[in-house]
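Structure first, commentary second.
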Amino acid sequence: MLYFIIKRLLWLIPLLIGATVITFFIMNAAPGDPITIMFGTSVQQLPPSEIQLIRDKWGLDDPAYVRYFRYLSNLFHGDLGVSLTARRPVIDMLMERVPNTVQLGITSIIIAILIGIPAGIISAVKQYSLVDYSATILAFVGISTPNFWLGLMLMWLFGLILGWLPICGMGHAGIGDSLKHLILPTVTLGTAMTASLARLTRSGMLEVLREEYIKTARAKGLSERVVIYKHAFRNAGISVITMLGLQFAALLGGAVIVETIFAWPGVGRLVINAIWRRDYFVVMGSVLSLTGMYVLCNLLVDLSYGFLDPRIRYD
Amino acid sequence: MRKIVRRFIRNKLAVLGAFIVVVVCGMAIFAPCIAPYDPLEMNFNVILASPSSSHIFGTDMYGRDIFSRIVYGARISLKIGFIVVGIGATVGTILGGTAGYFGGLYDMIIMRIVDLLLAFPFLILAIVIAAALGPSIVNVMVALGSVSWLRYARIVRGEVLSIKEREYIDAGRAIGASNLRILIRHVLPNCAACVLVLATLQMASALIAAASLNFLGMGVQPPQPAWGAMLNDAQEFLREAWWYAFFPGVAIVITVLGINFVGDGLRDALDPKMGR
């Protein structure tokens with residue numbers, strides 16, 4: 001087990017280095033000069049000698065691969081560079097933002113699990129019933145609804161028309177206020193995941209419910225509840241958990257949009273603003289942290305297999 | 001083949017989906033006949049007018065007819081969808097197919113690249129590429145196309161690995177067929193079903209991803225009517241004009257829903273063991 005975790009954590013290193021290569025060279029190909037980004041229009045008032053001095057100091061005229069290796073070596077020392085516009089270390093900005101994105105992500109996953117899995121189980125158990133059809137259609141609508149539109153509509157209904165919930169930012173006046181601010185972004189982000197989880201749980205359960213051991217369990221006289229939750233769902237659970245890990249990528253992509261709409265101070269909003277300002281180091285740091293979150297989440301998924309299915313061994 | 005069609009038709013949701021897709025395609029093709037107004041024509045006398053008999057979906061901040069813009073928007077959405085899926089399916093099938101067939105170092109390199117790129121959250125990678133290329137409709141297609149081939153590559157490779165062990169492949173080789181001929185005539189056609197299903201489902205996600213990029217302002221530029229871009233404009237006027245944000249979103253949901261129904265129906269029809 002320990003060996004497996006170490007092996008997987010080591011695999012993170014080439015993966016994250018690959019992520020830096022890709023983002024660095026993509027951002028490098030983008031038009032825009034860092035000096036103009038730093039000083040805006042006032043760059044024309046600076047004497048050329050001073051501009052050259054700054055260029056030399058930051059090594060802006062070095063070839064791309066030299067700048068890349070400098071970035072990489074700084075990265076290994078925990079230095080993610082400095083934001084060109086905010087003039088602050090990127091690592092500090094990420095430290096402030098990452099917990100907010102994690103908070104939004106986790107609450108969305110919890111919603112998805114609490115609603116999606118039971119809905120999928122009920123759908124499967126009562127296959128071809130009215131409940132099943134309604135759940136199936138709702139799930140399809142959930143998968144097909146773009147989160148930015150859902151967000152705007154929820155904002156319009158619950159924020160502007162009914163005035164029940166705040167529509168932007170994070171609350172800072174106590175837990176109640178924070179929770180209120182969390183509701184709309186969470187629902188917006190969690191809907192698609194809830195829907196796909198419901199679909200997947202349904203098909204996973206349908207497959208398992210046809211197995212012989214379910215017949216045996218019923219024949220033994222076990223209650224339907226035990227048969228469904230203990231015998232069937234535990235076996236359908238593996239594919240559900242795998243999907244949960246893969247869906248996390250969509251969730252992080254969604255977070256970028258949802259944070260932008262609801263002015264949620266997370267990494268997603270940071271990366272979008274940084275992209276518009278061509279704030280390279282912030283873009284790279286944010287993409288790196290989002291990729292890291294995704295990969296770590298999938299590691300957790302792999303580890304959870306062992307708990308769900310004791311037959312799976314890691315060595 | 002007839003069996004597949006029969007299974008597809010028996011699935012009511014799939015038929016409904018096919019109907020929606022046909023309607024949206026018709027809307028895109030016959031846009032000039034359907035749209036009552038020019039989608040770009042501004043009319044400052046009817047700015048943000050609510051839905052009425054003259055403008056059934058209301059008007060936007062420049063007094064343009066929202067219904068006409070949605071009808072023309074179908075062209076842009078479908079164009080992006082088809083091209084992204086085309087790029088993804090072609091590149092993915094070629095790379096995945098050859099990797100699975102030839103194996104060895106080539107296979108390892110391709111699959112490691114796929115693993116690496118799949119470790120990125122899909123939309124974030126597309127956003128970074130689109131941002132670097134600059135906002136335009138072509139760049140949206142390039143950005144989404146360059147991340148969409150990964151799934152095809154992985155799935156086609158898996159299929160090819162099992163197909164190449166079959167006896168008819170050995171038979172082909174025994175009569176002296178070249179690798180290229182075996183691959184093109186015998187291996188890849190057998191992957192067509194799974195590529196078709198994947199392409200349909202990917203078309204739905206490509207539409208949502210493209211709308212997201214347009215919504216963020218990284219794609220289609222004004223005044224072109226694209227559904228995602230319309231929502232971007234509409235968010236400022238949410239309080240005064242709900243219809244401005246409502247109808248373009250409904251257009252996206254219905255189109256994507258239709259495609260998802262078709263994709264699901266195709267999967268069930270082509271492989272009755274799956275999904276049911």
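Following the order of the structure tokens, first chain is A, next is B, and so on, with residues numbered from 1 inside each chain and ligands from 1 in the order they appear.
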
Write down, as a PDB file with N, CA and C atoms, in the first residue's frame, each residue of chain B that has any atom within 9 Å of an atom of chain A, counting only C-alpha atoms.
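That gives us result15.pdb:
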ATOM      1  N   LEU B  13     -36.657   8.202 -26.649  1.00  0.00           N
ATOM      2  CA  LEU B  13     -35.819   9.381 -26.418  1.00  0.00           C
ATOM      3  C   LEU B  13     -34.858   9.604 -27.578  1.00  0.00           C
ATOM      4  N   ASP B 115      -1.806  10.195 -21.896  1.00  0.00           N
ATOM      5  CA  ASP B 115      -1.946  10.211 -20.430  1.00  0.00           C
ATOM      6  C   ASP B 115      -1.628  11.590 -19.866  1.00  0.00           C
ATOM      7  N   LEU B 116      -0.560  12.168 -20.395  1.00  0.00           N
ATOM      8  CA  LEU B 116      -0.121  13.470 -19.884  1.00  0.00           C
ATOM      9  C   LEU B 116      -1.201  14.520 -20.127  1.00  0.00           C
ATOM     10  N   LEU B 117      -1.714  14.538 -21.363  1.00  0.00           N
ATOM     11  CA  LEU B 117      -2.711  15.568 -21.678  1.00  0.00           C
ATOM     12  C   LEU B 117      -4.040  15.306 -20.978  1.00  0.00           C
ATOM     13  N   ALA B 119      -4.271  14.276 -18.078  1.00  0.00           N
ATOM     14  CA  ALA B 119      -4.122  14.660 -16.675  1.00  0.00           C
ATOM     15  C   ALA B 119      -4.488  16.131 -16.467  1.00  0.00           C
ATOM     16  N   PHE B 120      -4.620  16.862 -17.580  1.00  0.00           N
ATOM     17  CA  PHE B 120      -5.067  18.250 -17.476  1.00  0.00           C
ATOM     18  C   PHE B 120      -6.581  18.269 -17.431  1.00  0.00           C
ATOM     19  N   PRO B 121      -7.150  19.160 -16.618  1.00  0.00           N
ATOM     20  CA  PRO B 121      -8.588  19.365 -16.774  1.00  0.00           C
ATOM     21  C   PRO B 121      -8.849  19.916 -18.185  1.00  0.00           C
ATOM     22  N   PHE B 122      -9.703  19.212 -18.937  1.00  0.00           N
ATOM     23  CA  PHE B 122      -9.962  19.462 -20.359  1.00  0.00           C
ATOM     24  C   PHE B 122     -10.238  20.932 -20.700  1.00  0.00           C
ATOM     25  N   LEU B 123     -11.209  21.530 -20.004  1.00  0.00           N
ATOM     26  CA  LEU B 123     -11.630  22.888 -20.369  1.00  0.00           C
ATOM     27  C   LEU B 123     -10.527  23.902 -20.082  1.00  0.00           C
ATOM     28  N   ILE B 124      -9.772  23.649 -19.012  1.00  0.00           N
ATOM     29  CA  ILE B 124      -8.719  24.605 -18.645  1.00  0.00           C
ATOM     30  C   ILE B 124      -7.630  24.626 -19.714  1.00  0.00           C
ATOM     31  N   LEU B 125      -7.279  23.437 -20.204  1.00  0.00           N
ATOM     32  CA  LEU B 125      -6.276  23.367 -21.276  1.00  0.00           C
ATOM     33  C   LEU B 125      -6.792  24.099 -22.520  1.00  0.00           C
ATOM     34  N   ILE B 127      -8.960  26.493 -22.618  1.00  0.00           N
ATOM     35  CA  ILE B 127      -8.997  27.942 -22.350  1.00  0.00           C
ATOM     36  C   ILE B 127      -7.602  28.543 -22.546  1.00  0.00           C
ATOM     37  N   VAL B 128      -6.584  27.844 -22.009  1.00  0.00           N
ATOM     38  CA  VAL B 128      -5.217  28.371 -22.132  1.00  0.00           C
ATOM     39  C   VAL B 128      -4.804  28.442 -23.602  1.00  0.00           C
ATOM     40  N   ILE B 129      -5.119  27.384 -24.374  1.00  0.00           N
ATOM     41  CA  ILE B 129      -4.754  27.386 -25.799  1.00  0.00           C
ATOM     42  C   ILE B 129      -5.510  28.498 -26.526  1.00  0.00           C
ATOM     43  N   ALA B 131      -6.731  31.200 -25.349  1.00  0.00           N
ATOM     44  CA  ALA B 131      -6.261  32.518 -24.932  1.00  0.00           C
ATOM     45  C   ALA B 131      -4.946  32.866 -25.613  1.00  0.00           C
ATOM     46  N   ALA B 132      -4.077  31.859 -25.735  1.00  0.00           N
ATOM     47  CA  ALA B 132      -2.778  32.117 -26.358  1.00  0.00           C
ATOM     48  C   ALA B 132      -2.948  32.426 -27.846  1.00  0.00           C
ATOM     49  N   LEU B 133      -3.900  31.757 -28.483  1.00  0.00           N
ATOM     50  CA  LEU B 133      -4.083  31.965 -29.922  1.00  0.00           C
ATOM     51  C   LEU B 133      -4.802  33.281 -30.211  1.00  0.00           C
ATOM     52  N   GLY B 134      -5.559  33.767 -29.249  1.00  0.00           N
ATOM     53  CA  GLY B 134      -6.323  35.005 -29.470  1.00  0.00           C
ATOM     54  C   GLY B 134      -7.756  34.676 -29.815  1.00  0.00           C
ATOM     55  N   ALA B 204     -21.809  16.735 -28.176  1.00  0.00           N
ATOM     56  CA  ALA B 204     -22.546  17.432 -27.126  1.00  0.00           C
ATOM     57  C   ALA B 204     -21.588  18.196 -26.224  1.00  0.00           C
ATOM     58  N   SER B 205     -20.493  17.534 -25.810  1.00  0.00           N
ATOM     59  CA  SER B 205     -19.588  18.262 -24.908  1.00  0.00           C
ATOM     60  C   SER B 205     -18.823  19.352 -25.652  1.00  0.00           C
ATOM     61  N   ILE B 208     -20.991  22.443 -25.619  1.00  0.00           N
ATOM     62  CA  ILE B 208     -20.976  23.135 -24.321  1.00  0.00           C
ATOM     63  C   ILE B 208     -19.629  23.826 -24.107  1.00  0.00           C
ATOM     64  N   ALA B 209     -18.533  23.129 -24.464  1.00  0.00           N
ATOM     65  CA  ALA B 209     -17.208  23.732 -24.269  1.00  0.00           C
ATOM     66  C   ALA B 209     -17.056  24.975 -25.140  1.00  0.00           C
ATOM     67  N   ALA B 211     -19.452  26.881 -26.259  1.00  0.00           N
ATOM     68  CA  ALA B 211     -20.292  27.933 -25.686  1.00  0.00           C
ATOM     69  C   ALA B 211     -19.600  28.556 -24.476  1.00  0.00           C
ATOM     70  N   SER B 212     -18.902  27.712 -23.695  1.00  0.00           N
ATOM     71  CA  SER B 212     -18.192  28.242 -22.528  1.00  0.00           C
ATOM     72  C   SER B 212     -17.098  29.212 -22.952  1.00  0.00           C
ATOM     73  N   PHE B 215     -18.640  32.273 -24.109  1.00  0.00           N
ATOM     74  CA  PHE B 215     -19.163  33.002 -22.952  1.00  0.00           C
ATOM     75  C   PHE B 215     -18.042  33.794 -22.260  1.00  0.00           C
ATOM     76  N   LEU B 216     -16.852  33.195 -22.210  1.00  0.00           N
ATOM     77  CA  LEU B 216     -15.726  33.878 -21.569  1.00  0.00           C
ATOM     78  C   LEU B 216     -15.132  34.965 -22.472  1.00  0.00           C
ATOM     79  N   GLY B 228     -23.256  31.199 -26.896  1.00  0.00           N
ATOM     80  CA  GLY B 228     -22.469  31.471 -25.681  1.00  0.00           C
ATOM     81  C   GLY B 228     -22.147  32.951 -25.557  1.00  0.00           C
ATOM     82  N   LEU B 231     -24.961  35.036 -24.301  1.00  0.00           N
ATOM     83  CA  LEU B 231     -25.136  34.952 -22.848  1.00  0.00           C
ATOM     84  C   LEU B 231     -24.131  35.850 -22.133  1.00  0.00           C
ATOM     85  N   GLN B 235     -25.489  38.866 -19.472  1.00  0.00           N
ATOM     86  CA  GLN B 235     -25.387  38.824 -18.011  1.00  0.00           C
ATOM     87  C   GLN B 235     -25.443  40.215 -17.370  1.00  0.00           C
ATOM     88  N   LEU B 238     -29.286  41.150 -16.741  1.00  0.00           N
ATOM     89  CA  LEU B 238     -30.099  40.103 -16.142  1.00  0.00           C
ATOM     90  C   LEU B 238     -31.320  40.686 -15.415  1.00  0.00           C
ATOM     91  N   ARG B 239     -31.129  41.799 -14.731  1.00  0.00           N
ATOM     92  CA  ARG B 239     -32.217  42.385 -13.953  1.00  0.00           C
ATOM     93  C   ARG B 239     -33.316  42.959 -14.869  1.00  0.00           C
ATOM     94  N   TRP B 242     -34.698  39.473 -18.614  1.00  0.00           N
ATOM     95  CA  TRP B 242     -34.442  38.051 -18.381  1.00  0.00           C
ATOM     96  C   TRP B 242     -34.391  37.270 -19.689  1.00  0.00           C
ATOM     97  N   ALA B 245     -31.002  36.510 -21.574  1.00  0.00           N
ATOM     98  CA  ALA B 245     -30.167  35.370 -21.156  1.00  0.00           C
ATOM     99  C   ALA B 245     -30.926  34.054 -21.274  1.00  0.00           C
ATOM    100  N   PHE B 246     -32.254  34.113 -21.191  1.00  0.00           N
ATOM    101  CA  PHE B 246     -33.030  32.877 -21.115  1.00  0.00           C
ATOM    102  C   PHE B 246     -33.029  32.093 -22.434  1.00  0.00           C
ATOM    103  N   PRO B 248     -31.221  32.156 -25.449  1.00  0.00           N
ATOM    104  CA  PRO B 248     -30.016  31.513 -26.015  1.00  0.00           C
ATOM    105  C   PRO B 248     -29.612  30.275 -25.214  1.00  0.00           C
ATOM    106  N   GLY B 249     -29.806  30.336 -23.875  1.00  0.00           N
ATOM    107  CA  GLY B 249     -29.470  29.188 -23.033  1.00  0.00           C
ATOM    108  C   GLY B 249     -30.363  28.003 -23.343  1.00  0.00           C
ATOM    109  N   VAL B 250     -31.669  28.287 -23.526  1.00  0.00           N
ATOM    110  CA  VAL B 250     -32.609  27.207 -23.856  1.00  0.00           C
ATOM    111  C   VAL B 250     -32.182  26.552 -25.177  1.00  0.00           C
ATOM    112  N   ILE B 252     -29.186  26.248 -26.359  1.00  0.00           N
ATOM    113  CA  ILE B 252     -28.041  25.351 -26.109  1.00  0.00           C
ATOM    114  C   ILE B 252     -28.532  24.054 -25.456  1.00  0.00           C
ATOM    115  N   VAL B 253     -29.361  24.195 -24.396  1.00  0.00           N
ATOM    116  CA  VAL B 253     -29.801  23.006 -23.652  1.00  0.00           C
ATOM    117  C   VAL B 253     -30.541  22.042 -24.580  1.00  0.00           C
ATOM    118  N   ILE B 254     -31.471  22.571 -25.390  1.00  0.00           N
ATOM    119  CA  ILE B 254     -32.271  21.677 -26.248  1.00  0.00           C
ATOM    120  C   ILE B 254     -31.380  20.978 -27.281  1.00  0.00           C
ATOM    121  N   THR B 255     -30.468  21.730 -27.892  1.00  0.00           N
ATOM    122  CA  THR B 255     -29.589  21.109 -28.895  1.00  0.00           C
ATOM    123  C   THR B 255     -28.723  20.017 -28.276  1.00  0.00           C
ATOM    124  N   VAL B 256     -28.094  20.363 -27.147  1.00  0.00           N
ATOM    125  CA  VAL B 256     -27.199  19.388 -26.509  1.00  0.00           C
ATOM    126  C   VAL B 256     -27.997  18.176 -26.029  1.00  0.00           C
ATOM    127  N   LEU B 257     -29.187  18.438 -25.506  1.00  0.00           N
ATOM    128  CA  LEU B 257     -30.046  17.347 -25.041  1.00  0.00           C
ATOM    129  C   LEU B 257     -30.363  16.403 -26.205  1.00  0.00           C
ATOM    130  N   GLY B 258     -30.727  16.983 -27.358  1.00  0.00           N
ATOM    131  CA  GLY B 258     -31.039  16.171 -28.532  1.00  0.00           C
ATOM    132  C   GLY B 258     -29.863  15.296 -28.923  1.00  0.00           C
ATOM    133  N   ASN B 260     -27.371  14.352 -27.045  1.00  0.00           N
ATOM    134  CA  ASN B 260     -27.131  13.328 -26.018  1.00  0.00           C
ATOM    135  C   ASN B 260     -28.125  12.167 -26.147  1.00  0.00           C
ATOM    136  N   PHE B 261     -29.371  12.473 -26.431  1.00  0.00           N
ATOM    137  CA  PHE B 261     -30.371  11.407 -26.632  1.00  0.00           C
ATOM    138  C   PHE B 261     -29.945  10.506 -27.794  1.00  0.00           C
ATOM    139  N   MET B 274     -24.472  -2.882 -23.586  1.00  0.00           N
ATOM    140  CA  MET B 274     -24.049  -1.728 -22.799  1.00  0.00           C
ATOM    141  C   MET B 274     -25.241  -0.899 -22.353  1.00  0.00           C
ATOM    142  N   GLY B 275     -25.075  -0.231 -21.239  1.00  0.00           N
ATOM    143  CA  GLY B 275     -25.958   0.869 -20.875  1.00  0.00           C
ATOM    144  C   GLY B 275     -27.345   0.508 -20.371  1.00  0.00           C
ATOM    145  N   ARG B 276     -27.911  -0.581 -20.790  1.00  0.00           N
ATOM    146  CA  ARG B 276     -29.309  -0.844 -20.421  1.00  0.00           C
ATOM    147  C   ARG B 276     -29.459  -1.338 -18.994  1.00  0.00           C
TER     148      ARG B 276
END

For this session: Might you pull out every residue within 8 Å of B:Ala31, with only C-alpha atoms counted and same-chain residues fewer than 5 positions away left off, and present them as JSON, numbers by chain?
Result: {"B": [26, 71, 72]}

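In terms of minimum interatomic distance to B:Val21, B:Ala74 ranks closest within B:Ala74, B:Ser136, B:Val91, B:Pro223, counting only C-alpha atoms.
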
Exercise. From the list B:Glu165, B:Asp233, B:Asp65, B:Asp107, which residue is nearest B:Asn43 when using only C-alpha atoms?
Worked result: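 Of B:Glu165, B:Asp233, B:Asp65, B:Asp107, the one nearest B:Asn43 is B:Asp65, counting only C-alpha atoms.
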
Exercise. Where does DSSP see helix (DSSP H, G or I) in stretch 96-272 of chain B, if you list the residues as an MDAnalysis selection string?
Worked result: chainID B and resid 96:102 104:118 122:133 137:163 167:174 179:215 227:237 242:270

For this session: Tell me, as a list of chain:residue names, which residues lie within 12 Å of B:Leu180, counting only C-alpha atoms; anything in the same chain fewer than 6 positions away does not count.
Result: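 In the requested form, the answer reads B:Ile94, B:Gly97, B:Thr98, B:Tyr101, B:Phe102, B:Gly172, B:Arg173, B:His186, B:Val187, B:Leu188.
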
Problem set entry | Option closest in space to B:Lys79, from B:Asn214, B:Asn11, B:Met141, B:Asn45 [counting only C-alpha atoms] |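 Residue with the minimum atom-to-atom distance to B:Lys79: B:Met141.
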
For this session: Write out as a PyMOL selection string which residues come within 10 Å of A:Val301 when counting only C-alpha atoms, dropping same-chain ones fewer than 2 positions away.
Result: chain A and resi 238+241-246+295-299+303-306

Problem set entry | Counting only C-alpha atoms, the option among B:Ile184, B:Ala28, B:Leu95, B:Ala171 closest to B:Ala153 |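 Under the stated criterion, the closest residue is B:Leu95.
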